[in-house]
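Engineer: My questions all concern the structure below.
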Amino acid sequence: MKLIVIENKKARLNKFIDWLFYMIGYAIILITVSIIFKHTIIIDSSFFGFWGFIAAVIIYFLNKTVKPILVFLTLPLTGITFGLFYPFVNVIILNIVDFILGAHFSIEGLFMSFIVAVLISIMNILLQEVVIKSILGGVK
């Protein structure tokens with residue numbers, strides 16, 4: 001399995017490796033926040049963190065499928081607020097995950113959803129700028 005794939009003279013990570021990096025990042029954020037804020041974000045700890053991983057998979061899937069649609073639909077509101085509404089798209093994604101997983105994943109309150117959404121956004125930026133670009137930096 002190749003780590004880097006070159007298509008149309010453009011290098012990118014293997015899709016599985018890319019997916020794996022994001023899954024690990026989302027799971028670390030979710031589990032860390034659930035440990036720090038025990039009563040506001042609850043992840044079922046049965047099966048050795050299985051539900052945290054499932055939540056990370058669903059977040060990744062929703063970010064790739066539903067998020068572009070939500071960004072398009074909320075574009076006027078995001079433009080009016082000069083981009084301040086954009087993190088609330090991630091809050092909507094987290095609330096969808098909360099709804100899907102039911103009792104296994106719960107976020108109490110809009111403020112906690114916003115904190116987790118901001119942390120996930122920071123993790124996405126750091127992962128893209130620090131990890132992925134450094135891996136792809138040596139490939140021309």
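A note on labels: chains of the structure tokens are A, B, ... as shown, every chain counts residues from 1, and ligands are counted from 1 in their shown order.
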Report as a VMD selection string: the residues of chain A with a DSSP assignment of helix (DSSP H, G or I), based on the backbone of this structure.

Structural biologist: chain A and resid 15 to 36 50 to 73 75 to 80 86 to 104 110 to 136

Engineer: Excluding Pro68 in chain A and its own-chain neighbours fewer than 5 positions away, which residues fall within 12 Å of it when counting only C-alpha atoms? Please give them as number ranges by chain.

Structural biologist: A: 61-63, 73-75, 86, 89-90, 93

Engineer: Output the selection as a short mmCIF file (atom, residue, chain, number, x, y, z; two decimals), in the first residue's frame - C-alpha atoms for each residue.

Structural biologist:
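Output below, filename part-v5.cif:
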data_model
loop_
_atom_site.label_atom_id
_atom_site.label_comp_id
_atom_site.auth_asym_id
_atom_site.auth_seq_id
_atom_site.Cartn_x
_atom_site.Cartn_y
_atom_site.Cartn_z
CA PHE A 61 -18.64 10.70 7.11
CA LEU A 62 -20.90 13.71 7.82
CA ASN A 63 -18.02 16.13 7.21
CA LEU A 73 -27.24 26.45 2.64
CA THR A 74 -25.84 28.67 5.40
CA LEU A 75 -23.61 30.71 3.08
CA TYR A 86 -19.24 28.81 10.15
CA VAL A 89 -22.03 24.10 10.97
CA ASN A 90 -19.74 21.82 13.00
CA ILE A 93 -22.79 17.99 12.68
#

Engineer: With only C-alpha atoms as the atoms that count, which of A:Val116, A:Val57, A:Leu13, A:Ala103 lies nearest to Ile43 in chain A?

Structural biologist: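 Of the candidates, the smallest distance to Ile43 in chain A is held by A:Ala103.
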
Engineer: As a list in words, please: the residues near Ile122 in chain A (cut-off 12 Å, only C-alpha atoms, same-chain neighbours under 4 positions excluded).

Structural biologist: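 Surrounding residues, per the criterion: Gly25, Tyr26, Ile29, Pro87, Asn90, Ile115, Val116, Ala117, Val118, Leu126, Leu127, Gln128, Glu129 and Val130 of chain A.
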
Engineer: Kindly give the distance, in Å, that separates CA of Leu30 in chain A and CA of Gly83 in chain A, rounded to a single decimal.

Structural biologist: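 Taking CA of Leu30 in chain A as the start and CA of Gly83 in chain A as the end point, the length is 24.6 Å.
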
Engineer: Return as a ChimeraX atom specification the full set of residues in chain A whose backbone-based DSSP assignment is strand (DSSP E).

Structural biologist: /A:4-7,10-13,41-43,105-107

Engineer: Please provide the set of residues having any atom within 10 Å of Ile107 in chain A, restricted to only C-alpha atoms, with same-chain residues fewer than 2 positions apart removed, written as a compact mmCIF listing (two decimals) with C-alpha atoms, in the first residue's frame.

Structural biologist:
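That gives us around_18.txt:
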# COMPACT_ATOMS: atom_id res chain seq x y z
CA SER A 34 -15.32 13.70 27.60
CA HIS A 39 -21.03 15.72 32.90
CA THR A 40 -21.46 17.69 29.69
CA ILE A 41 -20.12 15.32 27.05
CA ILE A 42 -20.71 11.65 27.64
CA ILE A 43 -19.31 8.84 25.51
CA LEU A 94 -22.08 17.14 16.35
CA ASN A 95 -25.77 17.36 17.21
CA VAL A 97 -24.02 12.53 15.76
CA ASP A 98 -25.64 12.97 19.19
CA PHE A 99 -29.01 12.14 17.64
CA PHE A 105 -22.89 9.74 22.78
CA GLY A 109 -25.73 22.26 25.82
CA LEU A 110 -24.90 24.45 22.88
CA PHE A 111 -21.79 25.89 24.53
CA MET A 112 -20.16 22.45 24.91
CA SER A 113 -21.03 21.58 21.30
CA VAL A 116 -15.93 20.58 20.73
